[in-house]
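Here's the structure we're looking at; comments come further down.
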Amino acid sequence: MNPYMTARAQETSATGSLLVNVVSNENNFPIQDAEISVSYTGDPESTLEQLVTNSSGQTEQVSLSAPPVDLSLAPSLIQPYSQYTLMVRAQGFEPVAISGTEILADTLALQPVRMVPIADEVSPDVPIVIPDHTLYGEYPPKIAEAEVKPVAETGEIVLSQVVVPQTIIVHDGVPTDPTAPNYYVPYGDYIKNVASSEIYATWPRETIIANVLAIMSFTLNRVYTEWYRNQGYDFTITSSTAFDHKWIYGRNIYESISQVVDEIFNSYLSRPGIRQPILTQYCDGQRVSCPNWMSQWGSCDLGEQGYTAIQILRNYYGSDIYINTAEQVSGVPSSFPGYNLTIGASGDKVRQVQEQLDTIAGVYTAIPRITADGIFGPDTEEAVRQFQTIFKLPVTGIIDFATWYRISHIYVGITRIAEYS
């Protein structure tokens, strides 16, 4: 189906929103005054919007036509999202072309763009192409595996506890393809990308939570068991739906999915007496049926019926599955204190987060600079509000679990605490 025709045909029926976020690949700093042209993917000459990034490297939110939301709430032969092409230019950086940014009705799409500084030798302009969503396109079904891996006495299982890794190394192909590139992706960004590729952001919130938990548990099983490294590979997981999840280089994510991941990113699924995260497999439930696994479309139906996330999960994986929390989050300067920080709070945790926020404010200048005095006052609250606004968190001025770890993530990214190729 021609996405240009799809988008044009639905032009008057519904809209979604797009926000583009542009940073430098070199240091994760936001790029101001980047120019973005938006056109229909089927008609790249039809410029619909011309956008410019602000001091936070972000465009304004723009409204774009999308098919009716109902098409994404039940299986349909009609593409339930419209697709757009973005051309991004900024002084001193190689241009970036992205084809296939997916816009769903009534949903904010967040399109990340990483720009490479212009080198002496100009690199070829290779466009990023976002393929069909897994619920719409044709992808290989998951090859069934045991949901709990055997623990050999030879020391195959290296980790003694479940740890949320800082980085996922994604092999962009099947495991045996040596030509497929490996990408180093922050854990939270990886989960947001997979969830945005595997389910629709228009689904009920409890359905999104259930699916995100299944994706995270599967991923942490791969991490915990060192599944691919024990087979001699140098990556954590693949982007093949036959072996793992669909991860798509350069794709847009969605605000509703992003916020869920931020709130629960250290969670996974357990069974009594089993230490490792459960390898929670799933399928679409329409083209492929999978008894004892979660049906993605079925989970949408249950969410619309008012089921909670744990009720949805137990419906498919059994009554003994429960939500667990990782003992450790790696790659962060300091772990969440276990309670929200708000006006009147004081102490070392406040001082630590003030230092991080002030460092971020040196790069994201819309955030006011603050003094790290260990006292959570109005200035700190305002800095938190501005941070939450930029990074699409609920704007409360309170440092909760999601805000704490997003501050840590951005701080680590711009200070290069950890160096990855």
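The way I read the labels, and the way they are meant: chains A, B, ... in the order of the structure tokens, residue 1 as the first residue of every chain, and ligand 1 as the first ligand shown, with later ones counted on from there.
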
Spatial neighbours of Lys142 of chain A, max dist 10 Å, only C-alpha atoms, sep filter under 6 positions, as an mmCIF file with N, CA, C and O atoms, in the first residue's frame:
```cif
data_model
loop_
_atom_site.group_PDB
_atom_site.id
_atom_site.type_symbol
_atom_site.label_atom_id
_atom_site.label_comp_id
_atom_site.auth_asym_id
_atom_site.auth_seq_id
_atom_site.Cartn_x
_atom_site.Cartn_y
_atom_site.Cartn_z
ATOM 1 N N SER A 240 16.252 -9.417 15.192
ATOM 2 C CA SER A 240 15.438 -10.354 14.413
ATOM 3 C C SER A 240 14.229 -10.828 15.218
ATOM 4 O O SER A 240 14.381 -11.310 16.349
ATOM 5 N N THR A 241 13.038 -10.717 14.635
ATOM 6 C CA THR A 241 11.830 -11.183 15.327
ATOM 7 C C THR A 241 11.823 -12.692 15.500
ATOM 8 O O THR A 241 11.119 -13.217 16.363
ATOM 9 N N ALA A 242 12.593 -13.411 14.698
ATOM 10 C CA ALA A 242 12.649 -14.869 14.838
ATOM 11 C C ALA A 242 13.384 -15.276 16.106
ATOM 12 O O ALA A 242 13.087 -16.305 16.714
ATOM 13 N N PHE A 243 14.330 -14.443 16.535
ATOM 14 C CA PHE A 243 15.161 -14.789 17.690
ATOM 15 C C PHE A 243 14.864 -13.929 18.912
ATOM 16 O O PHE A 243 14.934 -14.404 20.045
ATOM 17 N N ASP A 244 14.553 -12.654 18.693
ATOM 18 C CA ASP A 244 14.394 -11.726 19.814
ATOM 19 C C ASP A 244 13.227 -10.773 19.531
ATOM 20 O O ASP A 244 12.130 -11.223 19.277
ATOM 21 N N HIS A 245 13.489 -9.468 19.605
ATOM 22 C CA HIS A 245 12.484 -8.441 19.351
ATOM 23 C C HIS A 245 12.860 -7.656 18.104
ATOM 24 O O HIS A 245 14.010 -7.659 17.678
ATOM 25 N N GLN A 281 7.918 -14.705 25.958
ATOM 26 C CA GLN A 281 7.723 -14.653 24.513
ATOM 27 C C GLN A 281 6.275 -14.278 24.206
ATOM 28 O O GLN A 281 5.379 -14.468 25.018
ATOM 29 N N TYR A 282 6.058 -13.756 23.007
ATOM 30 C CA TYR A 282 4.716 -13.310 22.622
ATOM 31 C C TYR A 282 4.603 -13.353 21.103
ATOM 32 O O TYR A 282 5.597 -13.513 20.384
ATOM 33 N N CYS A 283 3.373 -13.195 20.611
ATOM 34 C CA CYS A 283 3.145 -13.105 19.169
ATOM 35 C C CYS A 283 1.972 -12.160 18.932
ATOM 36 O O CYS A 283 1.333 -11.715 19.882
ATOM 37 N N VAL A 288 -0.172 -15.143 13.649
ATOM 38 C CA VAL A 288 0.531 -16.213 14.351
ATOM 39 C C VAL A 288 -0.172 -16.439 15.682
ATOM 40 O O VAL A 288 -0.454 -15.487 16.404
ATOM 41 N N CYS A 290 -0.008 -18.433 19.454
ATOM 42 C CA CYS A 290 1.069 -18.912 20.329
ATOM 43 C C CYS A 290 0.483 -19.261 21.697
ATOM 44 O O CYS A 290 0.497 -18.425 22.605
#
```

Within segment 77-265 of chain A, find each residue whose DSSP state, derived from the backbone, is strand (DSSP E), and express the selection as JSON, numbers by chain. {"A": [82, 83, 84, 85, 86, 87, 88, 89, 96, 97, 98, 99, 100, 101, 102, 103, 108, 109, 110, 111, 112, 113, 114, 115, 128, 129, 163, 164, 167, 168, 169, 170, 171, 182, 183, 184, 185, 186, 237, 238, 253, 254]}

Which residues of segment 256-285 of chain A come within 6 Å of segment 303-325 of chain A, and for each one, what is the closest pair of atoms and their distance in Å to one decimal, counting only C-alpha atoms, sorted by chain and residue number, as CSV?
```
residue,atom,partner,partner_atom,distance
A:Asn266,CA,A:Thr325,CA,5.8
A:Ser267,CA,A:Thr325,CA,4.4
A:Tyr268,CA,A:Asn324,CA,5.3
A:Leu269,CA,A:Ile323,CA,4.8
A:Ser270,CA,A:Tyr322,CA,5.4
A:Arg271,CA,A:Ile321,CA,5.0
```

Please give the complete set of residues from segment 129-256 of chain A that DSSP, run on the backbone, assigns to helix (DSSP H, G or I), formatted as a PyMOL selection string. chain A and resi 187-198+205-225+229-231+255-256

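As for atom CA of Val148 of chain A and atom CA of Glu327 of chain A, they are spaced 19.3 Å apart.
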
Take atom CA of Pro165 of chain A and atom CA of Ser330 of chain A and report the distance between them in Å, one decimal.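 These two atoms are separated by 5.4 Å.
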
So, with only C-alpha atoms as the atoms that count, which of A:Met294, A:Leu393, A:Ala146, A:Val329 lies closest to Val164 of chain A?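 Answer, going by the shortest atom-to-atom distance: A:Val329.
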
The residue from A:Ser37, A:Gln61, A:Thr365, A:Thr380 with the smallest atom-to-atom distance to Arg89 of chain A, counting only C-alpha atoms, is A:Ser37

Counting only C-alpha atoms, which residues of segment 243-346 of chain A sit at most 8 Å from some atom of segment 91-105 of chain A, and what is each one's closest atom pair with its distance in Å to one decimal, listed by chain and rising residue number, as JSON lines?
```
{"residue": "A:Gly250", "atom": "CA", "partner": "A:Ile98", "partner_atom": "CA", "distance": 7.8}
{"residue": "A:Arg251", "atom": "CA", "partner": "A:Thr101", "partner_atom": "CA", "distance": 6.7}
{"residue": "A:Asn252", "atom": "CA", "partner": "A:Thr101", "partner_atom": "CA", "distance": 6.1}
```

Output C-alpha atoms for every residue in that selection, as a PDB file, in the first residue's frame.
```pdb
ATOM      1  CA  GLY A 250      16.721   5.484  13.939  1.00  0.00           C
ATOM      2  CA  ARG A 251      12.985   4.944  14.362  1.00  0.00           C
ATOM      3  CA  ASN A 252      10.631   7.309  16.186  1.00  0.00           C
TER       4      ASN A 252
END
```

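Using only C-alpha atoms, the smallest distance between any of A:Glu226, A:Glu60, A:Asp358, A:Glu206 and Ser17 of chain A comes from A:Glu60.
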
Excluding segment 179-181 of chain A and its own-chain neighbours fewer than 4 positions away, which residues fall within 12 Å of it when counting only C-alpha atoms? Please give them as a PDB file with N, CA and C atoms, in the first residue's frame.
```
ATOM      1  N   ILE A 169      23.897  -4.151  23.524  1.00  0.00           N
ATOM      2  CA  ILE A 169      24.561  -4.240  22.220  1.00  0.00           C
ATOM      3  C   ILE A 169      23.625  -5.019  21.295  1.00  0.00           C
ATOM      4  N   VAL A 170      23.072  -4.318  20.319  1.00  0.00           N
ATOM      5  CA  VAL A 170      22.071  -4.899  19.424  1.00  0.00           C
ATOM      6  C   VAL A 170      22.741  -5.305  18.109  1.00  0.00           C
ATOM      7  N   HIS A 171      22.613  -6.571  17.759  1.00  0.00           N
ATOM      8  CA  HIS A 171      23.094  -7.075  16.470  1.00  0.00           C
ATOM      9  C   HIS A 171      21.953  -6.926  15.476  1.00  0.00           C
ATOM     10  N   ASP A 172      22.133  -6.057  14.481  1.00  0.00           N
ATOM     11  CA  ASP A 172      21.020  -5.694  13.598  1.00  0.00           C
ATOM     12  C   ASP A 172      20.859  -6.711  12.465  1.00  0.00           C
ATOM     13  N   GLY A 173      20.491  -7.924  12.851  1.00  0.00           N
ATOM     14  CA  GLY A 173      20.288  -9.012  11.902  1.00  0.00           C
ATOM     15  C   GLY A 173      20.163 -10.319  12.662  1.00  0.00           C
ATOM     16  N   VAL A 174      20.169 -11.438  11.947  1.00  0.00           N
ATOM     17  CA  VAL A 174      20.124 -12.738  12.623  1.00  0.00           C
ATOM     18  C   VAL A 174      21.486 -13.003  13.268  1.00  0.00           C
ATOM     19  N   PRO A 175      21.535 -13.859  14.278  1.00  0.00           N
ATOM     20  CA  PRO A 175      22.798 -14.042  15.010  1.00  0.00           C
ATOM     21  C   PRO A 175      23.967 -14.452  14.130  1.00  0.00           C
ATOM     22  N   ASP A 234      29.430 -11.451  20.192  1.00  0.00           N
ATOM     23  CA  ASP A 234      29.868 -10.268  20.936  1.00  0.00           C
ATOM     24  C   ASP A 234      28.749  -9.254  21.108  1.00  0.00           C
ATOM     25  N   PHE A 235      27.509  -9.743  21.240  1.00  0.00           N
ATOM     26  CA  PHE A 235      26.375  -8.832  21.394  1.00  0.00           C
ATOM     27  C   PHE A 235      25.403  -9.379  22.434  1.00  0.00           C
ATOM     28  N   THR A 238      19.564  -9.593  19.349  1.00  0.00           N
ATOM     29  CA  THR A 238      19.470  -9.273  17.922  1.00  0.00           C
ATOM     30  C   THR A 238      18.202  -8.470  17.646  1.00  0.00           C
ATOM     31  N   SER A 239      18.127  -7.951  16.421  1.00  0.00           N
ATOM     32  CA  SER A 239      16.928  -7.222  16.005  1.00  0.00           C
ATOM     33  C   SER A 239      15.999  -8.114  15.196  1.00  0.00           C
ATOM     34  N   SER A 240      16.252  -9.417  15.192  1.00  0.00           N
ATOM     35  CA  SER A 240      15.438 -10.354  14.413  1.00  0.00           C
ATOM     36  C   SER A 240      14.229 -10.828  15.218  1.00  0.00           C
ATOM     37  N   TYR A 249      16.798   0.715  13.802  1.00  0.00           N
ATOM     38  CA  TYR A 249      17.750   1.819  13.893  1.00  0.00           C
ATOM     39  C   TYR A 249      17.093   3.129  13.449  1.00  0.00           C
TER      40      TYR A 249
END
```

Option closest in space to Val113 of chain A, from A:Pro378, A:Gly344, A:Gly137, A:Gly57 [counting only C-alpha atoms]: A:Gly57

Choose the residue, out of A:Thr403, A:Gly377, A:Arg287, A:Ile360, that has the smallest atom-to-atom separation from Phe336 of chain A; count only C-alpha atoms.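 Among the listed residues, the smallest separation from Phe336 of chain A belongs to A:Thr403.
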
Which of these, A:Ser256, A:Pro277, A:Glu263, A:Tyr200, has the shortest distance to Ala214 of chain A once you count only C-alpha atoms?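 Smallest distance to Ala214 of chain A is found for A:Pro277.
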
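Counting from atom CA of Ser56 of chain A, the distance to atom CA of Ile343 of chain A is 25.5 Å.
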
Can you pull out the residues contacting Leu279 of chain A? Cut-off 7 Å, using only C-alpha atoms, and skip same-chain residues under 6 positions away; I want them as a list in words. Glu147, Val148, Ser217, Phe218 and Asn221 of chain A

Take the residues just selected and output them with N, CA and C atoms as a compact mmCIF listing (two decimals), in the first residue's frame.
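Output file out24.txt follows:
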```txt
# COMPACT_ATOMS: atom_id res chain seq x y z
N GLU A 147 11.34 -20.87 28.52
CA GLU A 147 11.26 -19.55 29.16
C GLU A 147 12.25 -19.40 30.30
N VAL A 148 12.81 -20.50 30.78
CA VAL A 148 13.85 -20.46 31.80
C VAL A 148 15.04 -21.24 31.27
N SER A 217 11.51 -8.10 30.48
CA SER A 217 11.85 -9.38 31.11
C SER A 217 12.62 -10.27 30.13
N PHE A 218 12.15 -10.33 28.89
CA PHE A 218 12.84 -11.09 27.84
C PHE A 218 14.27 -10.56 27.68
N ASN A 221 16.50 -11.38 30.57
CA ASN A 221 16.90 -12.79 30.54
C ASN A 221 18.11 -12.97 29.64
```
